[in-house]
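Visitor: Next comes structure-v7.csv, CSV, C-alpha atoms and all ligand atoms:
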chain,number,residue,atom,x,y,z
T,1,MET,CA,9.5,-20.5,8.4
T,2,LYS,CA,10.3,-23.9,7.0
T,3,GLU,CA,6.9,-24.5,5.3
T,4,ILE,CA,7.2,-21.2,3.4
T,5,GLU,CA,10.7,-22.1,2.3
T,6,GLU,CA,9.6,-25.5,1.1
T,7,ALA,CA,6.7,-24.1,-1.0
T,8,ARG,CA,9.0,-21.5,-2.4
T,9,ALA,CA,11.6,-24.0,-3.3
T,10,PHE,CA,9.0,-26.2,-5.0
T,11,LEU,CA,7.7,-23.4,-7.1
T,12,GLU,CA,11.3,-22.3,-7.9
T,13,ALA,CA,12.1,-25.8,-9.2
T,14,ARG,CA,8.7,-26.3,-11.0
T,15,VAL,CA,8.2,-22.8,-12.5
T,16,GLY,CA,11.3,-20.8,-11.8
T,17,ARG,CA,9.7,-17.4,-12.4
T,18,HIS,CA,10.0,-14.3,-10.1
T,19,PRO,CA,7.2,-11.9,-10.9
T,20,ARG,CA,7.2,-8.6,-8.9
T,21,LEU,CA,3.4,-8.4,-9.2
T,22,GLY,CA,1.0,-10.7,-7.4
T,23,VAL,CA,-2.8,-10.8,-7.6
T,24,VAL,CA,-5.3,-12.6,-5.4
T,25,LEU,CA,-8.7,-13.3,-7.0
T,26,GLY,CA,-11.8,-13.3,-4.8
T,27,SER,CA,-15.1,-15.3,-5.0
T,28,GLY,CA,-16.5,-15.4,-8.5
T,29,LEU,CA,-13.7,-13.1,-9.8
T,30,GLY,CA,-11.4,-15.9,-11.2
T,31,ALA,CA,-11.9,-15.1,-14.8
T,32,PHE,CA,-8.7,-12.9,-15.0
T,33,ALA,CA,-6.5,-15.9,-14.4
T,34,SER,CA,-7.4,-17.6,-17.7
T,35,GLU,CA,-6.6,-14.4,-19.7
T,36,LEU,CA,-2.9,-14.4,-18.9
T,37,ASP,CA,-0.2,-14.9,-21.6
T,38,ASP,CA,2.5,-17.5,-21.1
T,39,ARG,CA,0.4,-19.3,-18.6
T,40,VAL,CA,1.8,-21.9,-16.2
T,41,ALA,CA,-0.8,-23.1,-13.7
T,42,VAL,CA,0.1,-25.1,-10.5
T,43,ARG,CA,-2.8,-26.6,-8.5
T,44,TYR,CA,-2.6,-25.6,-4.9
T,45,ARG,CA,-2.8,-29.3,-3.8
T,46,GLU,CA,0.5,-29.9,-5.5
T,47,ILE,CA,2.3,-27.2,-3.6
T,48,PRO,CA,3.7,-28.3,-0.2
T,49,HIS,CA,1.7,-26.9,2.7
T,50,TRP,CA,-0.5,-24.7,0.5
T,51,PRO,CA,-4.0,-24.6,2.0
T,52,GLN,CA,-6.9,-25.9,-0.1
T,53,PRO,CA,-9.8,-23.4,-0.4
T,54,GLY,CA,-13.2,-24.9,-0.1
T,55,ALA,CA,-15.6,-22.1,-1.0
T,56,VAL,CA,-17.7,-22.5,-4.1
T,57,GLY,CA,-16.7,-20.1,-6.8
T,58,HIS,CA,-13.1,-20.4,-5.9
T,59,ALA,CA,-10.6,-22.2,-8.2
T,60,ALA,CA,-7.6,-23.5,-6.5
T,61,GLU,CA,-4.5,-22.8,-8.5
T,62,LEU,CA,-1.6,-20.5,-8.7
T,63,VAL,CA,-1.1,-19.1,-12.2
T,64,PHE,CA,2.1,-17.6,-13.5
T,65,GLY,CA,1.8,-15.6,-16.6
T,66,SER,CA,2.1,-12.1,-18.0
T,67,VAL,CA,0.0,-9.1,-18.8
T,68,GLU,CA,1.3,-6.8,-21.6
T,69,GLY,CA,4.6,-8.5,-21.2
T,70,ARG,CA,4.7,-7.9,-17.4
T,71,PRO,CA,5.2,-11.1,-15.3
T,72,VAL,CA,2.5,-11.7,-12.7
T,73,ALA,CA,1.6,-14.5,-10.2
T,74,VAL,CA,-2.1,-14.9,-9.7
T,75,MET,CA,-3.7,-16.8,-6.9
T,76,SER,CA,-7.0,-18.0,-8.2
T,77,GLY,CA,-8.8,-18.9,-5.0
T,78,ARG,CA,-7.9,-18.1,-1.4
T,79,ALA,CA,-8.2,-19.7,1.9
T,80,HIS,CA,-10.6,-18.1,4.5
T,81,LEU,CA,-10.7,-18.1,8.2
T,82,TYR,CA,-14.3,-19.3,8.1
T,83,GLU,CA,-13.2,-22.6,6.6
T,84,GLY,CA,-11.3,-23.3,9.7
T,85,CYS,CA,-7.9,-22.4,8.3
T,86,SER,CA,-5.6,-20.8,10.8
T,87,PRO,CA,-4.6,-17.1,10.2
T,88,ALA,CA,-1.1,-18.4,9.2
T,89,GLN,CA,-2.6,-20.7,6.6
T,90,VAL,CA,-4.8,-17.9,5.3
T,91,VAL,CA,-1.7,-15.8,4.5
T,92,PHE,CA,0.6,-18.6,3.5
T,93,GLY,CA,0.3,-18.0,-0.2
T,94,VAL,CA,1.0,-14.3,0.1
T,95,ARG,CA,4.1,-15.0,2.1
T,96,VAL,CA,5.3,-17.6,-0.5
T,97,LEU,CA,4.7,-15.1,-3.3
T,98,ALA,CA,6.6,-12.4,-1.3
T,99,ARG,CA,9.5,-14.8,-0.9
T,100,LEU,CA,9.5,-15.5,-4.6
T,101,GLY,CA,10.0,-11.8,-5.3
T,102,VAL,CA,6.5,-10.3,-5.4
T,103,ARG,CA,6.7,-6.6,-4.2
T,104,ILE,CA,3.2,-5.4,-5.2
T,105,LEU,CA,0.1,-7.3,-4.3
T,106,VAL,CA,-3.4,-6.7,-5.7
T,107,LEU,CA,-6.1,-8.1,-3.5
T,108,THR,CA,-9.5,-8.5,-5.1
T,109,SER,CA,-12.6,-9.5,-3.2
T,110,ALA,CA,-16.4,-9.9,-3.3
T,111,THR,CA,-17.9,-7.6,-0.8
T,112,GLY,CA,-21.3,-6.4,0.5
T,113,GLY,CA,-21.9,-2.7,0.0
T,114,ILE,CA,-22.7,-0.7,3.1
T,115,ASN,CA,-22.3,2.8,1.7
T,116,LEU,CA,-25.6,3.7,0.0
T,117,LYS,CA,-23.7,5.4,-2.8
T,118,PHE,CA,-22.6,1.9,-4.0
T,119,GLN,CA,-24.7,-0.5,-5.9
T,120,ARG,CA,-24.5,-4.1,-6.9
T,121,GLY,CA,-21.6,-4.4,-9.4
T,122,SER,CA,-19.7,-1.3,-8.2
T,123,LEU,CA,-15.9,-1.5,-8.3
T,124,VAL,CA,-14.4,0.1,-5.2
T,125,LEU,CA,-10.8,0.8,-4.3
T,126,ILE,CA,-10.1,-0.2,-0.7
T,127,SER,CA,-8.6,2.9,1.1
T,128,ASP,CA,-8.3,1.2,4.5
T,129,HIS,CA,-9.6,-1.6,6.5
T,130,ILE,CA,-11.2,-2.4,10.0
T,131,ASN,CA,-10.2,-5.8,11.1
T,132,LEU,CA,-13.0,-7.3,13.1
T,133,GLN,CA,-12.1,-10.9,12.5
T,134,GLY,CA,-10.8,-11.3,16.1
T,135,SER,CA,-7.5,-12.6,14.9
T,136,ASN,CA,-4.3,-11.4,13.2
T,137,PRO,CA,-1.9,-13.5,11.1
T,138,LEU,CA,1.0,-12.1,13.0
T,139,VAL,CA,-0.1,-13.5,16.4
T,140,GLY,CA,2.6,-15.8,17.8
T,141,PRO,CA,6.3,-15.7,18.2
T,142,SER,CA,7.8,-12.9,16.1
T,143,ASP,CA,9.6,-14.1,13.0
T,144,GLU,CA,12.0,-11.2,12.3
T,145,ALA,CA,13.0,-12.9,9.0
T,146,LEU,CA,9.5,-12.1,7.8
T,147,GLY,CA,9.1,-8.6,9.3
T,148,PRO,CA,8.9,-6.5,12.5
T,149,ARG,CA,6.9,-7.4,15.6
T,150,PHE,CA,4.8,-4.3,15.3
T,151,PRO,CA,4.4,-3.3,11.7
T,152,ASP,CA,3.0,0.1,10.7
T,153,MET,CA,-0.4,0.0,9.1
T,154,SER,CA,-1.0,3.7,8.5
T,155,GLU,CA,-0.9,3.2,4.8
T,156,ALA,CA,-1.9,-0.4,4.5
T,157,TYR,CA,-3.4,0.2,1.0
T,158,SER,CA,-0.8,2.2,-0.9
T,159,ALA,CA,-1.8,5.8,-1.7
T,160,ARG,CA,0.6,5.7,-4.7
T,161,LEU,CA,-1.1,2.6,-6.1
T,162,ARG,CA,-4.5,4.0,-5.5
T,163,GLY,CA,-3.5,7.1,-7.5
T,164,VAL,CA,-2.4,4.9,-10.4
T,165,ALA,CA,-5.7,2.9,-10.2
T,166,ARG,CA,-7.8,6.0,-10.3
T,167,GLU,CA,-5.9,7.3,-13.2
T,168,VAL,CA,-6.3,4.1,-15.2
T,169,ALA,CA,-10.0,3.8,-14.3
T,170,SER,CA,-10.6,7.3,-15.6
T,171,GLU,CA,-8.7,6.7,-18.8
T,172,LEU,CA,-10.9,3.6,-19.4
T,173,GLY,CA,-14.1,5.3,-18.4
T,174,ILE,CA,-14.6,2.8,-15.5
T,175,ALA,CA,-16.3,4.2,-12.4
T,176,LEU,CA,-14.1,3.5,-9.4
T,177,ALA,CA,-15.3,4.5,-6.0
T,178,GLU,CA,-13.3,4.3,-2.8
T,179,GLY,CA,-14.1,3.0,0.7
T,180,VAL,CA,-13.2,1.4,3.9
T,181,TYR,CA,-13.4,-2.4,4.1
T,182,ALA,CA,-14.6,-4.1,7.3
T,183,ALA,CA,-13.3,-7.7,7.6
T,184,LEU,CA,-15.6,-10.1,9.5
T,185,LEU,CA,-15.0,-13.7,10.2
T,186,GLY,CA,-18.2,-15.1,8.6
T,187,PRO,CA,-19.4,-17.4,7.2
T,188,SER,CA,-22.8,-16.2,8.2
T,189,PHE,CA,-23.7,-13.0,6.4
T,190,GLU,CA,-24.2,-10.0,8.8
T,191,THR,CA,-27.4,-9.0,10.5
T,192,PRO,CA,-29.0,-5.7,9.6
T,193,ALA,CA,-28.0,-4.4,13.1
T,194,GLU,CA,-24.4,-5.4,12.4
T,195,ILE,CA,-24.5,-3.5,9.1
T,196,ARG,CA,-25.8,-0.4,10.9
T,197,TYR,CA,-23.0,-0.7,13.4
T,198,LEU,CA,-20.4,-1.1,10.6
T,199,ARG,CA,-21.7,2.0,8.9
T,200,ALA,CA,-21.5,3.9,12.2
T,201,ILE,CA,-17.9,3.0,12.7
T,202,GLY,CA,-16.9,4.1,9.2
T,203,ALA,CA,-17.1,1.0,7.0
T,204,ASP,CA,-18.3,1.3,3.4
T,205,LEU,CA,-17.8,-2.4,2.5
T,206,VAL,CA,-17.9,-5.7,4.3
T,207,GLY,CA,-16.2,-9.0,3.5
T,208,MET,CA,-14.7,-12.1,5.0
T,209,SER,CA,-11.1,-11.9,3.5
T,210,THR,CA,-8.5,-9.4,2.5
T,211,ALA,CA,-7.5,-8.0,5.9
T,212,PRO,CA,-5.2,-10.9,6.9
T,213,GLU,CA,-3.5,-10.8,3.5
T,214,ALA,CA,-3.1,-7.1,3.7
T,215,ILE,CA,-1.5,-7.3,7.1
T,216,ALA,CA,0.9,-10.1,6.1
T,217,ALA,CA,1.9,-8.2,3.0
T,218,ASN,CA,2.5,-5.0,4.8
T,219,HIS,CA,4.5,-7.0,7.4
T,220,MET,CA,6.8,-8.2,4.6
T,221,GLY,CA,7.1,-4.7,3.1
T,222,LEU,CA,4.9,-5.2,0.1
T,223,GLU,CA,2.8,-2.4,-1.4
T,224,VAL,CA,-0.9,-3.4,-1.5
T,225,LEU,CA,-3.8,-2.4,-3.8
T,226,GLY,CA,-7.2,-3.5,-2.7
T,227,LEU,CA,-10.0,-3.8,-5.2
T,228,ALA,CA,-13.5,-4.8,-4.1
T,229,CYS,CA,-16.4,-5.7,-6.1
T,230,VAL,CA,-19.8,-5.0,-4.5
T,231,THR,CA,-21.5,-8.3,-5.3
T,232,ASN,CA,-24.6,-7.4,-3.2
T,233,MET,CA,-25.8,-4.6,-1.0
T,234,ALA,CA,-25.3,-5.5,2.6
T,235,ALA,CA,-28.0,-7.1,4.9
T,236,GLY,CA,-31.0,-5.0,5.6
T,237,ILE,CA,-30.4,-2.4,2.9
T,238,LEU,CA,-32.7,-4.0,0.3
T,239,PRO,CA,-35.9,-5.9,1.0
T,240,GLN,CA,-34.3,-9.2,0.0
T,241,LYS,CA,-32.2,-12.0,1.5
T,242,LEU,CA,-28.5,-12.5,0.8
T,243,ASP,CA,-27.2,-15.6,-0.8
T,244,HIS,CA,-23.9,-16.8,-2.2
T,245,GLU,CA,-25.5,-17.3,-5.7
T,246,GLU,CA,-26.0,-13.5,-6.0
T,247,VAL,CA,-22.3,-13.0,-5.1
T,248,LEU,CA,-21.2,-15.4,-7.8
T,249,GLU,CA,-23.7,-14.0,-10.4
T,250,THR,CA,-22.4,-10.4,-9.8
T,251,GLY,CA,-18.8,-11.7,-10.2
T,252,GLU,CA,-19.9,-12.9,-13.6
T,253,MET,CA,-21.7,-9.6,-14.4
T,254,VAL,CA,-18.6,-7.5,-13.7
T,255,ARG,CA,-16.2,-10.1,-15.2
T,256,GLU,CA,-15.5,-8.1,-18.4
T,257,THR,CA,-15.0,-4.8,-16.7
T,258,LEU,CA,-12.7,-6.3,-14.0
T,259,VAL,CA,-10.6,-8.1,-16.5
T,260,ARG,CA,-10.2,-5.0,-18.6
T,261,PHE,CA,-9.3,-2.9,-15.6
T,262,LEU,CA,-6.8,-5.4,-14.3
T,263,LYS,CA,-5.1,-5.8,-17.7
T,264,ALA,CA,-4.7,-2.0,-17.9
T,265,VAL,CA,-3.7,-1.3,-14.3
T,266,LEU,CA,-1.3,-4.1,-13.6
T,267,PRO,CA,1.4,-3.1,-16.1
T,268,ARG,CA,1.2,0.5,-14.7
T,269,LEU,CA,1.7,-0.4,-11.0
T,270,GLU,CA,5.5,-0.8,-10.9
T,271,ALA,CA,7.5,2.2,-9.9
T,301,LIG,N1,-21.0,-9.7,3.7
T,301,LIG,C1,-19.8,-10.3,3.9
T,301,LIG,N2,-19.1,-10.8,2.9
T,301,LIG,C2,-19.5,-10.7,1.7
T,301,LIG,C3,-20.7,-10.1,1.3
T,301,LIG,C4,-21.5,-9.6,2.4
T,301,LIG,O1,-22.7,-9.1,2.2
T,301,LIG,N3,-20.9,-10.2,0.0
T,301,LIG,C5,-19.8,-10.8,-0.5
T,301,LIG,N4,-18.9,-11.1,0.5
Transcribe the structure of this file into C-alpha cells.
Ligand code: HPA
Guide:
Amino acid sequence: MKEIEEARAFLEARVGRHPRLGVVLGSGLGAFASELDDRVAVRYREIPHWPQPGAVGHAAELVFGSVEGRPVAVMSGRAHLYEGCSPAQVVFGVRVLARLGVRILVLTSATGGINLKFQRGSLVLISDHINLQGSNPLVGPSDEALGPRFPDMSEAYSARLRGVAREVASELGIALAEGVYAALLGPSFETPAEIRYLRAIGADLVGMSTAPEAIAANHMGLEVLGLACVTNMAAGILPQKLDHEEVLETGEMVRETLVRFLKAVLPRLEA
C-alpha cells in the first residue's frame, strides 16, 4: 500500500531505526514512553497519512528508544474506530511498524473488568479476543504483500510470549491474571445487560481497541502480547456509574507497576 510505504520512508529518513519490538500504549497508560533511553519522538501529525487520535488521555507520538539496550518503537496514543477512523486507519501505525522491522508487538489497553475475580487496577494478560466491533481491518481487496486473505487467528496472542510475561511477573512479584478481551465499537460504555451477555459468551474484559491491531499484526506474521489494565469494573457490577475520568485515574494508579513490568518484560521477549 502506497500510504504505508510513504510513512515508512519518512520514518526511515527521519529516524532510521529498525526495532524488532513495538508497543502500543492505551488510554492513560502513556507514562512508559517518557522512560525510554535514547529517545527520538515523532509527532503523529508529522508522519504522512498517520491518523491523529482524539481521545483524551492519549498522547500522539511515535517514540523510538531503548529499554535495557533493546531498541523499541512505542506508539503513545492510538486511533480508535469510535473516532470515525476507518479500520485501515486504526491499524495503519501497526502496519508501518511492521514494515520498519517490528516482529513482536505489545498491545496495552484500558479495559473494563467483567470477570469478578478482577478488580480496578488489575493487570491482565490477554489470552484471546472476541471481535464484536462489526468490522475487520482486512476487509477489502486482499493485499498479498501484507499477508494472506484468510489469516489464522488460533493463537492471536502468542502462547510463547504469554509464558515469558508470566515468568517475569512472578519474578517481580506482580500479580498478572489472564483473560479473554471482548472488543466493542464504543464510544458509549456498555449496558449492564451487554456486560452479562459478554460474560455469558466467555469474555473477561471489555474494551474499544486492541482487536483490529491484533488482527493486522497476525496478518503480517507478527507475534502479539496483549496486556490489559482493568481501569474500572464493567457496567452494572458496582453500584456506580462509569466515566472516562476513572479510566485515566486508574492508569495513573498502575503507572509505576506497568512501567516496571514493561521495562522487565520487553528485553526478554525476543527469541
Ligand atoms: N468498557 C469499554 N471500554 C473500556 C472500559 C469499559 O468499561 N474501561 C476502559 N475501556
Visitor: Let me make sure I understand: among T:Glu256, T:Glu12, T:Glu35, T:Asp243, which one has the smallest atom-to-atom distance to ligand LIG 301 (chain T) if we use all atoms listed in the file?
Guide: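 Of the candidates, the smallest distance to ligand LIG 301 (chain T) is held by T:Asp243.
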Visitor: Mind listing the residues within 9 Å of ligand LIG 301 (chain T), all atoms listed in the file counted, as a ChimeraX atom specification?
Guide: /T:27,109-114,182-190,195,205-209,229-235,242-244,246-248
Visitor: With distances taken over only C-alpha atoms, which of T:Ser66, T:Thr210, T:Gln52, T:Asn136 is nearest to Ala33 of chain T?
Guide: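 Of all the options, T:Ser66 lies closest to Ala33 of chain T.
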Visitor: When you count only C-alpha atoms, which of these residues is closest to Val124 of chain T: T:Arg199, T:Arg162, T:Arg20, T:Arg149?
Guide: T:Arg162
Visitor: Considering all atoms listed in the file, can you say which of T:Arg260, T:His49, T:Arg70, T:His129 comes closest to Gln89 of chain T?
Guide: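 Going through T:Arg260, T:His49, T:Arg70, T:His129 one by one, the smallest distance to Gln89 of chain T is for T:His49.
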Visitor: Have a look at T:Ala214, T:Leu146, T:Leu198, T:Ala156 and name the one nearest to Val23 of chain T; count only C-alpha atoms.
Guide: T:Ala214
Visitor: Find the residue from T:Ala169, T:Val265, T:Ile130, T:Met253 that sits nearest to Asp204 of chain T; use all atoms listed in the file when measuring.
Guide: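 Of the candidates, the smallest distance to Asp204 of chain T is held by T:Ile130.
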Visitor: May I ask for the distance between atom CA of Ile4 of chain T and atom CA of Asp128 of chain T, given in Å to one decimal place?
Guide: 27.3 Å
Visitor: Please provide the set of residues having any atom within 10 Å of segment 173-177 of chain T, restricted to all atoms listed in the file, with same-chain residues fewer than 5 positions apart removed, written as number ranges by chain.
Guide: T: 117-118, 122-127, 165-168, 227-228, 257-258, 260-261
Visitor: Work out how far atom CA of Ala7 of chain T is from atom CA of Ala216 of chain T, in Å to one decimal.
Guide: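 Separation between atom CA of Ala216 of chain T and atom CA of Ala7 of chain T: 16.7 Å.
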Visitor: Quick check, in Å to one decimal: how far apart do atom CA of Val72 of chain T and atom CA of Val94 of chain T lie?
Guide: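 A separation of 13.1 Å between them.
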Visitor: Identify, on the basis of all atoms listed in the file, every residue whose closest approach to Met75 of chain T does not exceed 9 Å; exclude the query and any residue fewer than 4 positions from it along the same chain; express the result as a ChimeraX atom specification.
Guide: /T:22-25,30,33,59-64,93-94
